[in-house]
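**Student:** If it helps, the file is called model.txt and holds compact mmCIF, C-alpha atoms (C1' of nucleotides):
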# COMPACT_ATOMS: atom_id res chain seq x y z
CA MET A 1 200.78 226.69 79.48
CA GLN A 2 203.71 225.91 77.20
CA ILE A 3 207.19 227.33 77.77
CA ALA A 4 209.91 226.70 75.18
CA THR A 5 213.64 227.38 75.25
CA TRP A 6 215.79 227.70 72.13
CA ASN A 7 219.36 228.79 71.50
CA VAL A 8 218.85 230.27 68.03
CA ASN A 9 222.50 231.23 67.31
CA SER A 10 221.64 234.69 65.94
CA ILE A 11 218.02 235.89 65.86
CA ARG A 12 218.63 237.88 62.67
CA THR A 13 219.93 234.86 60.77
CA ARG A 14 217.19 232.62 62.22
CA GLN A 15 214.27 235.06 62.00
CA GLU A 16 212.25 233.18 59.37
CA ILE A 17 212.85 229.81 61.00
CA VAL A 18 211.67 231.11 64.38
CA ILE A 19 208.59 232.81 62.90
CA ASN A 20 207.61 229.63 61.06
CA TRP A 21 208.21 227.54 64.16
CA LEU A 22 206.04 229.82 66.31
CA ASN A 23 203.26 229.72 63.73
CA ASN A 24 203.30 225.93 63.93
CA ASN A 25 204.03 225.83 67.69
CA PRO A 26 202.16 228.74 69.26
CA VAL A 27 203.76 228.40 72.70
CA ASP A 28 202.83 230.85 75.46
CA VAL A 29 206.46 231.71 76.16
CA LEU A 30 209.65 231.29 74.13
CA CYS A 31 212.98 231.89 75.86
CA LEU A 32 215.81 232.57 73.42
CA GLN A 33 219.57 232.52 73.83
CA GLU A 34 222.45 233.72 71.66
CA THR A 35 220.41 236.40 69.94
CA LYS A 36 223.76 238.04 69.04
CA VAL A 37 222.37 241.51 68.44
CA ARG A 38 222.29 244.94 70.09
CA ASP A 39 218.87 245.85 71.50
CA GLU A 40 218.38 248.69 68.98
CA GLN A 41 218.93 246.25 66.09
CA PHE A 42 216.66 243.43 67.38
CA PRO A 43 213.92 242.57 64.84
CA LEU A 44 210.98 243.25 67.18
CA ALA A 45 208.20 243.83 64.65
CA PRO A 46 207.97 240.38 63.00
CA PHE A 47 207.41 238.75 66.40
CA GLN A 48 205.05 241.42 67.68
CA GLU A 49 203.00 241.03 64.49
CA ILE A 50 202.36 237.36 65.25
CA GLY A 51 201.18 238.19 68.76
CA TYR A 52 204.16 238.19 71.10
CA HIS A 53 205.44 240.70 73.61
CA VAL A 54 209.20 240.89 73.19
CA SER A 55 211.59 241.44 76.12
CA ILE A 56 215.29 241.61 75.27
CA SER A 57 218.74 241.95 76.78
CA GLY A 58 221.41 241.89 74.09
CA GLN A 59 224.84 243.09 73.09
CA LYS A 60 226.97 243.33 69.97
CA ALA A 61 228.03 240.02 68.31
CA TYR A 62 227.87 237.65 71.28
CA ASN A 63 225.47 236.27 73.88
CA GLY A 64 222.09 237.98 74.24
CA VAL A 65 218.81 236.63 75.68
CA ALA A 66 215.14 237.37 75.02
CA ILE A 67 211.69 236.27 76.12
CA PHE A 68 208.71 236.22 73.76
CA SER A 69 205.39 235.97 75.63
CA ARG A 70 201.69 236.04 74.75
CA GLN A 71 201.05 238.07 77.89
CA PRO A 72 203.28 240.99 78.89
CA LEU A 73 206.00 239.95 81.32
CA GLN A 74 205.64 241.31 84.83
CA ASP A 75 208.55 242.34 87.03
CA LEU A 76 211.06 242.13 84.17
CA SER A 77 214.72 242.14 85.16
CA MET A 78 218.00 241.71 83.30
CA GLY A 79 221.23 240.31 84.70
CA PHE A 80 222.16 239.39 88.26
CA SER A 81 222.47 242.95 89.60
CA PRO A 82 218.79 243.72 90.29
CA ILE A 83 218.75 240.83 92.78
CA LEU A 84 222.36 240.60 94.01
CA GLY A 85 223.53 244.21 93.75
CA GLU A 86 226.31 245.63 91.62
CA ASP A 87 229.05 245.24 94.23
CA LEU A 88 228.69 241.47 94.35
CA VAL A 89 228.07 241.04 90.61
CA GLY A 90 231.03 243.14 89.46
CA ASP A 91 231.66 242.67 85.73
CA TYR A 92 229.48 239.58 85.32
CA ASP A 93 226.52 241.51 83.89
CA GLU A 94 228.58 242.87 81.00
CA GLN A 95 227.79 239.64 79.14
CA LYS A 96 224.04 239.52 78.54
CA ARG A 97 223.04 236.06 79.77
CA VAL A 98 220.11 236.52 82.17
CA ILE A 99 216.57 237.81 81.68
CA SER A 100 213.64 237.12 83.98
CA GLY A 101 209.97 237.97 84.29
CA VAL A 102 206.69 236.69 85.73
CA VAL A 103 203.91 235.15 83.63
CA ASP A 104 200.73 233.80 85.19
CA ASN A 105 202.27 233.75 88.68
CA VAL A 106 205.33 231.78 87.61
CA ARG A 107 208.77 233.39 87.63
CA ILE A 108 210.67 232.51 84.48
CA VAL A 109 214.47 232.81 84.53
CA ASN A 110 215.99 232.52 81.06
CA LEU A 111 219.72 231.72 81.06
CA TYR A 112 222.59 231.47 78.64
CA VAL A 113 225.26 229.79 80.76
CA PRO A 114 228.85 230.48 79.61
CA ASN A 115 230.38 227.82 77.38
CA GLY A 116 233.70 227.58 79.23
CA SER A 117 235.87 226.95 76.15
CA ALA A 118 238.29 224.38 77.62
CA ILE A 119 239.08 222.95 81.05
CA ASP A 120 241.33 225.28 83.06
CA SER A 121 241.00 228.15 80.58
CA ASP A 122 240.10 231.64 81.82
CA LYS A 123 236.63 231.12 80.34
CA TYR A 124 236.20 227.90 82.31
CA VAL A 125 237.04 229.75 85.52
CA TYR A 126 234.54 232.43 84.47
CA LYS A 127 231.88 229.77 83.92
CA LEU A 128 232.32 228.33 87.41
CA GLY A 129 232.27 231.83 88.94
CA TRP A 130 229.13 232.63 86.96
CA LEU A 131 227.43 229.44 88.19
CA ASP A 132 228.27 230.33 91.80
CA LEU A 133 226.67 233.73 91.25
CA LEU A 134 223.61 232.05 89.70
CA LYS A 135 223.22 229.94 92.83
CA GLN A 136 223.27 233.05 95.02
CA TYR A 137 220.83 234.76 92.64
CA LEU A 138 218.31 231.92 92.87
CA GLU A 139 218.73 231.63 96.65
CA LYS A 140 217.95 235.29 97.10
CA LEU A 141 215.07 235.11 94.63
CA GLN A 142 213.53 232.28 96.64
CA ALA A 143 214.04 234.18 99.89
CA GLU A 144 212.38 237.32 98.54
CA GLN A 145 209.33 235.80 96.81
CA SER A 146 207.12 232.74 97.07
CA LEU A 147 206.32 232.20 93.39
CA GLU A 148 207.05 228.92 91.66
CA ILE A 149 210.11 229.22 89.41
CA CYS A 150 210.95 227.91 85.94
CA ILE A 151 214.65 228.18 85.11
CA CYS A 152 215.35 227.38 81.50
CA GLY A 153 217.88 227.96 78.79
CA ASP A 154 221.18 226.79 77.37
CA PHE A 155 223.09 225.45 80.39
CA ASN A 156 226.13 224.25 78.47
CA ILE A 157 226.26 221.36 80.95
CA ALA A 158 225.18 217.74 80.52
CA LEU A 159 224.49 216.38 84.00
CA GLU A 160 224.49 212.67 83.22
CA ASP A 161 226.45 210.44 80.89
CA LYS A 162 223.24 209.45 79.13
CA ASP A 163 222.89 213.08 78.03
CA ILE A 164 226.01 212.69 75.85
CA HIS A 165 226.34 210.58 72.69
CA ASN A 166 229.86 209.49 73.64
CA PRO A 167 230.75 210.06 77.30
CA LYS A 168 234.32 208.87 76.79
CA GLY A 169 236.67 211.62 77.92
CA LYS A 170 233.84 213.51 79.61
CA ALA A 171 235.86 214.37 82.73
CA LYS A 172 238.26 216.46 80.70
CA HIS A 173 235.60 217.89 78.40
CA VAL A 174 233.93 221.21 78.95
CA MET A 175 230.16 220.77 79.59
CA SER A 176 230.62 217.44 81.39
CA SER A 177 233.57 217.92 83.75
CA PRO A 178 232.97 217.09 87.44
CA PRO A 179 233.29 220.72 88.67
CA GLU A 180 230.63 221.89 86.21
CA ARG A 181 228.28 219.04 87.12
CA GLU A 182 228.80 219.74 90.83
CA ALA A 183 228.11 223.45 90.34
CA LEU A 184 224.82 222.69 88.57
CA SER A 185 223.91 220.02 91.14
CA HIS A 186 224.35 222.53 93.97
CA ILE A 187 221.96 224.86 92.17
CA LEU A 188 219.39 222.09 91.76
CA ASP A 189 219.74 221.33 95.48
CA LEU A 190 217.92 224.62 96.09
CA GLY A 191 214.78 222.72 95.05
CA PHE A 192 214.76 222.39 91.27
CA GLN A 193 214.01 219.32 89.18
CA ASP A 194 214.72 218.46 85.52
CA VAL A 195 211.33 218.40 83.80
CA PHE A 196 212.54 216.39 80.79
CA ARG A 197 213.61 213.54 83.05
CA LYS A 198 210.15 213.39 84.66
CA PHE A 199 208.93 211.87 81.38
CA ILE A 200 211.89 210.38 79.55
CA SER A 201 214.63 208.39 81.26
CA GLU A 202 216.35 206.77 78.28
CA GLU A 203 219.56 207.91 76.62
CA GLY A 204 219.86 209.27 73.11
CA HIS A 205 217.83 212.48 73.44
CA TYR A 206 219.85 215.58 72.62
CA SER A 207 219.21 219.29 72.16
CA TRP A 208 222.51 220.30 70.52
CA TRP A 209 224.51 218.76 67.67
CA ASP A 210 227.82 220.10 66.35
CA TYR A 211 227.64 221.65 62.87
CA ARG A 212 230.85 219.83 62.08
CA SER A 213 231.39 216.21 61.09
CA GLY A 214 227.71 215.51 60.43
CA GLY A 215 226.81 215.62 64.12
CA PHE A 216 223.07 215.76 63.58
CA ALA A 217 222.93 213.16 60.79
CA ARG A 218 224.76 210.73 63.09
CA ASN A 219 222.79 211.85 66.19
CA ARG A 220 226.05 212.70 67.92
CA GLY A 221 224.63 215.28 70.30
CA TRP A 222 224.39 216.56 73.83
CA ARG A 223 221.38 217.41 75.99
CA ILE A 224 222.39 220.78 77.37
CA ASP A 225 219.18 222.84 77.05
CA HIS A 226 217.01 222.35 80.11
CA HIS A 227 213.93 223.36 82.11
CA TYR A 228 214.18 223.12 85.89
CA PHE A 229 211.03 223.63 87.97
CA THR A 230 210.40 224.15 91.67
CA SER A 231 208.49 221.25 93.21
CA ASN A 232 204.84 222.32 92.95
CA LEU A 233 205.28 223.35 89.34
CA TYR A 234 207.20 220.14 88.64
CA GLN A 235 204.24 218.16 89.96
CA GLN A 236 201.97 219.99 87.52
CA ALA A 237 204.14 219.35 84.45
CA THR A 238 202.33 217.20 81.88
CA LYS A 239 204.81 217.04 78.97
CA CYS A 240 208.36 217.88 77.95
CA TRP A 241 209.92 217.22 74.57
CA ILE A 242 212.70 218.22 72.20
CA ASP A 243 211.56 219.29 68.73
CA SER A 244 214.41 218.29 66.43
CA GLU A 245 212.49 219.27 63.26
CA PRO A 246 214.02 222.77 62.96
CA ARG A 247 217.50 221.20 63.17
CA LYS A 248 216.79 219.50 59.81
CA LEU A 249 216.17 222.76 57.91
CA GLU A 250 218.57 224.71 55.72
CA LYS A 251 220.81 226.99 57.78
CA PRO A 252 219.56 225.73 61.16
CA SER A 253 220.63 226.72 64.63
CA ASP A 254 222.86 224.02 66.10
CA HIS A 255 220.32 223.74 68.97
CA ALA A 256 216.75 222.44 68.88
CA PRO A 257 213.88 223.95 70.87
CA VAL A 258 212.75 222.19 74.05
CA ILE A 259 209.15 222.63 75.20
CA VAL A 260 207.42 222.02 78.53
CA GLU A 261 203.71 221.95 79.21
CA TYR A 262 201.92 222.28 82.55
C1' DA B 1 245.25 214.61 68.52
C1' DT B 2 243.37 217.73 65.23
C1' DG B 3 239.96 219.87 62.64
C1' DG B 4 235.58 219.94 60.86
C1' DC B 5 231.13 224.34 60.58
C1' DG B 6 228.76 228.68 61.18
C1' DA B 7 228.00 233.65 62.77
C1' DA B 8 229.67 238.40 63.61
C1' DT B 9 232.65 241.91 62.45
C1' DG B 10 233.65 244.48 58.61
C1' DC B 11 235.60 243.63 54.14
C1' DA B 12 240.26 239.53 55.25
C1' DA B 13 241.04 237.16 58.74
C1' DT B 14 240.02 236.56 63.41
C1' DT B 15 237.23 235.43 67.48
C1' DC B 16 233.90 232.65 69.51
C1' DG B 17 230.88 228.85 70.17
C1' DA B 18 230.23 223.62 72.28
Any chance you could give the structure as C-alpha cells?
**Tutor:**
Amino acid sequence: MQIATWNVNSIRTRQEIVINWLNNNPVDVLCLQETKVRDEQFPLAPFQEIGYHVSISGQKAYNGVAIFSRQPLQDLSMGFSPILGEDLVGDYDEQKRVISGVVDNVRIVNLYVPNGSAIDSDKYVYKLGWLDLLKQYLEKLQAEQSLEICICGDFNIALEDKDIHNPKGKAKHVMSSPPEREALSHILDLGFQDVFRKFISEEGHYSWWDYRSGGFARNRGWRIDHHYFTSNLYQQATKCWIDSEPRKLEKPSDHAPVIVEY
DNA sequence: ATGGCGAATGCAATTCGA
C-alpha cells in the first residue's frame, strides 16, 4: 500500500501535473491539500478516468482537501464536527481543512493545518486553537474505534531544526515557534510517529520551497508535509520518501509529494 | 528588515500563502 500527500496549490492549475504524476506513480491513495475550488467546480472526471475514486471537501479560493483512492473510501467524514460535535467545533469547520476515510482497515486523516501568518497574529491564535481541536478530534477517534490511523498532510510545522534549511530565527518564525512545536508534540503523544524519520535521520530533506528568491534552486526549504502513523502501522512501514521531481516542472506547486509504503 | 512569487477573484488591485 502506498499513501501520498501533496499540497498542490490549486487542483485546477495543477491538474495536468497531478495526472502525469499519478500515471508515473500509481499510488493507492493520494491526499491533497489547497485544492482551492468549490466542490461543484472540482475537476472530478480526469482523475476518475485514470482509476481513482475522488472524495472532496472544498470552498471558494482558499483551503480545500481531497482524497483520491483506488478503492472507495469507507466511513467518509469532513471537518471536525462529525466526531466532536458542532457546539465544540464552532466556526472551525468553515475552513475546509479536514477529510477522513477508511481504506483497507486503516483510517486516513488528511489535514491542511492553518499557516498562522505571523507570530501573535489572529491567524496564529487560530492555528493554535485549531491544533488543540485536532488533538481532541484524534483522542475521540482513538476512543471510538480500534483501527490503525495514518494522519497526513500539510502541517505547516517543522518539528526539528534539521527540518529547516536555516533555523536561525526559528523561535519567532511561524511554522517553527515553540508553541506550534509543542502543540504538534502533544498530538504525537497520543501515539503517533513520523514515518519519514523511521528511514532518514539526516538534515536537508524538504517538502516545501518558497517560490521567491530561488528557494528550490538553492534547496532552501522546509519539511512541513508529514505522515504520522499509530504504532502497529509504523512498524509495518517499509519506505517513505519525498519526490522533488514535480517541483522542477514549469508552473509547479511550491510543495513536493511525500509517499509512504507499508 | 524588506520583498521576492504565485493563485484566486474578477478585471485592477488586493488577499493569502509559508
**Student:** Chain B near range 107-130 of chain A within 10 Å: what's each residue's closest atom pair and its distance in Å to one decimal, counting only C-alpha atoms (C1' of nucleotides), ordered by chain then ascending residue number, as JSON lines?
**Tutor:**
{"residue": "B:DC16", "atom": "C1'", "partner": "A:Ser117", "partner_atom": "CA", "distance": 9.0}
{"residue": "B:DG17", "atom": "C1'", "partner": "A:Asn115", "partner_atom": "CA", "distance": 7.3}
{"residue": "B:DA18", "atom": "C1'", "partner": "A:Asn115", "partner_atom": "CA", "distance": 6.6}
**Student:** Work out where the centre of an axis-aligned box around every listed atom of range 53-68 of chain A lies and how long its edges are once 8 Å is added on each side; give both in Å to one decimal as lines of an AutoDock Vina configuration file.
**Tutor:**
center_x = 216.7
center_y = 239.8
center_z = 72.5
size_x = 38.6
size_y = 23.1
size_z = 24.5
**Student:** Find the residues of chain A in contact range of chain B, meaning any atom within 7 Å when counting only C-alpha atoms (C1' of nucleotides), and list them as a ChimeraX atom specification.
**Tutor:** /A:61,115,211-213
**Student:** Separation of CA of Asp243 in chain A and CA of Lys172 in chain A, in Å?
**Tutor:** 29.4 Å
**Student:** Which residue is closest to Val106 in chain A? Choose from A:Asn24, A:Ser146, A:Ser81, A:Gln33 and count all atoms listed in the file.
**Tutor:**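 With all atoms listed in the file as the atom set, the closest residue is A:Ser146.
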**Student:** Between CA of Asp154 in chain A and CA of Asp104 in chain A, what is the distance, to one decimal in Å?
**Tutor:**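 Separation of CA of Asp154 in chain A and CA of Asp104 in chain A: 23.0 Å.
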**Student:** If you measure from CA of Ile149 in chain A to CA of Leu188 in chain A, what distance in Å do you get, rounded to one decimal?
**Tutor:**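 Between these atoms lies a distance of 11.9 Å.
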**Student:** Do you know which residues are at most 9 Å from Leu30 in chain A counting all atoms listed in the file, after dropping those on the same chain fewer than 5 positions away, and could you put them as a PDB file with C-alpha atoms, keeping the file's coordinate frame?
**Tutor:**
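selection-v4.pdb, written as the output of this step:
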ATOM      1  CA  GLN A   2     203.710 225.910  77.200  1.00  0.00           C
ATOM      2  CA  ILE A   3     207.190 227.330  77.770  1.00  0.00           C
ATOM      3  CA  ALA A   4     209.910 226.700  75.180  1.00  0.00           C
ATOM      4  CA  THR A   5     213.640 227.380  75.250  1.00  0.00           C
ATOM      5  CA  TRP A   6     215.790 227.700  72.130  1.00  0.00           C
ATOM      6  CA  LEU A  22     206.040 229.820  66.310  1.00  0.00           C
ATOM      7  CA  ALA A  66     215.140 237.370  75.020  1.00  0.00           C
ATOM      8  CA  ILE A  67     211.690 236.270  76.120  1.00  0.00           C
ATOM      9  CA  PHE A  68     208.710 236.220  73.760  1.00  0.00           C
ATOM     10  CA  SER A  69     205.390 235.970  75.630  1.00  0.00           C
ATOM     11  CA  ILE A 259     209.150 222.630  75.200  1.00  0.00           C
TER      12      ILE A 259
END
**Student:** Within 9 Å of (208.8, 221.1, 77.7) (file coordinates; all atoms listed in the file), which protein or nucleic acid residues are there? I'd like them as a ChimeraX atom specification.
**Tutor:** /A:2-5,195-196,226-227,237-242,257-262
**Student:** Between A:Ser244, A:Thr13, A:Ser55, A:Thr35, which one has atoms that come closest to Val102 in chain A, using only C-alpha atoms?
**Tutor:**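 With only C-alpha atoms as the atom set, the closest residue is A:Ser55.
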**Student:** Generate N, CA and C atoms for range 116-144 of chain A and emit them as a PDB file, in the frame of the given file.
**Tutor:**
ATOM      1  N   GLY A 116     232.546 228.065  78.470  1.00  0.00           N
ATOM      2  CA  GLY A 116     233.700 227.580  79.230  1.00  0.00           C
ATOM      3  C   GLY A 116     234.921 227.224  78.414  1.00  0.00           C
ATOM      4  N   SER A 117     234.751 227.155  77.092  1.00  0.00           N
ATOM      5  CA  SER A 117     235.870 226.950  76.150  1.00  0.00           C
ATOM      6  C   SER A 117     236.648 225.660  76.364  1.00  0.00           C
ATOM      7  N   ALA A 118     237.487 225.587  77.357  1.00  0.00           N
ATOM      8  CA  ALA A 118     238.290 224.380  77.620  1.00  0.00           C
ATOM      9  C   ALA A 118     238.612 224.336  79.115  1.00  0.00           C
ATOM     10  N   ILE A 119     238.783 223.118  79.620  1.00  0.00           N
ATOM     11  CA  ILE A 119     239.080 222.950  81.050  1.00  0.00           C
ATOM     12  C   ILE A 119     240.322 223.773  81.416  1.00  0.00           C
ATOM     13  N   ASP A 120     240.223 224.484  82.497  1.00  0.00           N
ATOM     14  CA  ASP A 120     241.330 225.280  83.060  1.00  0.00           C
ATOM     15  C   ASP A 120     241.643 226.559  82.278  1.00  0.00           C
ATOM     16  N   SER A 121     240.840 226.859  81.267  1.00  0.00           N
ATOM     17  CA  SER A 121     241.000 228.150  80.580  1.00  0.00           C
ATOM     18  C   SER A 121     240.400 229.257  81.447  1.00  0.00           C
ATOM     19  N   ASP A 122     240.701 230.504  81.112  1.00  0.00           N
ATOM     20  CA  ASP A 122     240.100 231.640  81.820  1.00  0.00           C
ATOM     21  C   ASP A 122     238.576 231.594  81.713  1.00  0.00           C
ATOM     22  N   LYS A 123     238.088 231.158  80.548  1.00  0.00           N
ATOM     23  CA  LYS A 123     236.630 231.120  80.340  1.00  0.00           C
ATOM     24  C   LYS A 123     235.974 230.031  81.194  1.00  0.00           C
ATOM     25  N   TYR A 124     236.710 228.966  81.433  1.00  0.00           N
ATOM     26  CA  TYR A 124     236.200 227.900  82.310  1.00  0.00           C
ATOM     27  C   TYR A 124     236.074 228.408  83.745  1.00  0.00           C
ATOM     28  N   VAL A 125     237.085 229.142  84.190  1.00  0.00           N
ATOM     29  CA  VAL A 125     237.040 229.750  85.520  1.00  0.00           C
ATOM     30  C   VAL A 125     235.862 230.728  85.612  1.00  0.00           C
ATOM     31  N   TYR A 126     235.670 231.493  84.533  1.00  0.00           N
ATOM     32  CA  TYR A 126     234.540 232.430  84.470  1.00  0.00           C
ATOM     33  C   TYR A 126     233.212 231.687  84.576  1.00  0.00           C
ATOM     34  N   LYS A 127     233.113 230.561  83.885  1.00  0.00           N
ATOM     35  CA  LYS A 127     231.880 229.770  83.920  1.00  0.00           C
ATOM     36  C   LYS A 127     231.560 229.312  85.333  1.00  0.00           C
ATOM     37  N   LEU A 128     232.556 228.811  86.045  1.00  0.00           N
ATOM     38  CA  LEU A 128     232.320 228.330  87.410  1.00  0.00           C
ATOM     39  C   LEU A 128     231.960 229.497  88.341  1.00  0.00           C
ATOM     40  N   GLY A 129     232.615 230.643  88.148  1.00  0.00           N
ATOM     41  CA  GLY A 129     232.270 231.830  88.940  1.00  0.00           C
ATOM     42  C   GLY A 129     230.855 232.294  88.655  1.00  0.00           C
ATOM     43  N   TRP A 130     230.477 232.225  87.393  1.00  0.00           N
ATOM     44  CA  TRP A 130     229.130 232.630  86.960  1.00  0.00           C
ATOM     45  C   TRP A 130     228.079 231.701  87.588  1.00  0.00           C
ATOM     46  N   LEU A 131     228.374 230.407  87.618  1.00  0.00           N
ATOM     47  CA  LEU A 131     227.430 229.440  88.190  1.00  0.00           C
ATOM     48  C   LEU A 131     227.280 229.642  89.705  1.00  0.00           C
ATOM     49  N   ASP A 132     228.363 230.035  90.365  1.00  0.00           N
ATOM     50  CA  ASP A 132     228.270 230.330  91.800  1.00  0.00           C
ATOM     51  C   ASP A 132     227.379 231.553  92.033  1.00  0.00           C
ATOM     52  N   LEU A 133     227.518 232.545  91.156  1.00  0.00           N
ATOM     53  CA  LEU A 133     226.670 233.730  91.250  1.00  0.00           C
ATOM     54  C   LEU A 133     225.208 233.375  90.973  1.00  0.00           C
ATOM     55  N   LEU A 134     224.973 232.494  90.004  1.00  0.00           N
ATOM     56  CA  LEU A 134     223.610 232.050  89.700  1.00  0.00           C
ATOM     57  C   LEU A 134     222.973 231.384  90.919  1.00  0.00           C
ATOM     58  N   LYS A 135     223.745 230.599  91.635  1.00  0.00           N
ATOM     59  CA  LYS A 135     223.220 229.940  92.830  1.00  0.00           C
ATOM     60  C   LYS A 135     222.780 230.994  93.860  1.00  0.00           C
ATOM     61  N   GLN A 136     223.621 231.990  94.062  1.00  0.00           N
ATOM     62  CA  GLN A 136     223.270 233.050  95.020  1.00  0.00           C
ATOM     63  C   GLN A 136     222.039 233.826  94.543  1.00  0.00           C
ATOM     64  N   TYR A 137     221.966 234.042  93.241  1.00  0.00           N
ATOM     65  CA  TYR A 137     220.830 234.760  92.640  1.00  0.00           C
ATOM     66  C   TYR A 137     219.518 234.019  92.911  1.00  0.00           C
ATOM     67  N   LEU A 138     219.539 232.708  92.690  1.00  0.00           N
ATOM     68  CA  LEU A 138     218.310 231.920  92.870  1.00  0.00           C
ATOM     69  C   LEU A 138     217.950 231.792  94.350  1.00  0.00           C
ATOM     70  N   GLU A 139     218.969 231.671  95.197  1.00  0.00           N
ATOM     71  CA  GLU A 139     218.730 231.630  96.650  1.00  0.00           C
ATOM     72  C   GLU A 139     218.020 232.885  97.117  1.00  0.00           C
ATOM     73  N   LYS A 140     218.518 234.022  96.660  1.00  0.00           N
ATOM     74  CA  LYS A 140     217.950 235.290  97.100  1.00  0.00           C
ATOM     75  C   LYS A 140     216.549 235.483  96.515  1.00  0.00           C
ATOM     76  N   LEU A 141     216.387 235.051  95.262  1.00  0.00           N
ATOM     77  CA  LEU A 141     215.070 235.110  94.630  1.00  0.00           C
ATOM     78  C   LEU A 141     214.051 234.314  95.440  1.00  0.00           C
ATOM     79  N   GLN A 142     214.444 233.129  95.854  1.00  0.00           N
ATOM     80  CA  GLN A 142     213.530 232.280  96.640  1.00  0.00           C
ATOM     81  C   GLN A 142     213.245 232.866  98.016  1.00  0.00           C
ATOM     82  N   ALA A 143     214.237 233.568  98.572  1.00  0.00           N
ATOM     83  CA  ALA A 143     214.040 234.180  99.890  1.00  0.00           C
ATOM     84  C   ALA A 143     213.106 235.377  99.806  1.00  0.00           C
ATOM     85  N   GLU A 144     213.123 236.061  98.664  1.00  0.00           N
ATOM     86  CA  GLU A 144     212.380 237.320  98.540  1.00  0.00           C
ATOM     87  C   GLU A 144     210.952 237.132  98.025  1.00  0.00           C
TER      88      GLU A 144
END
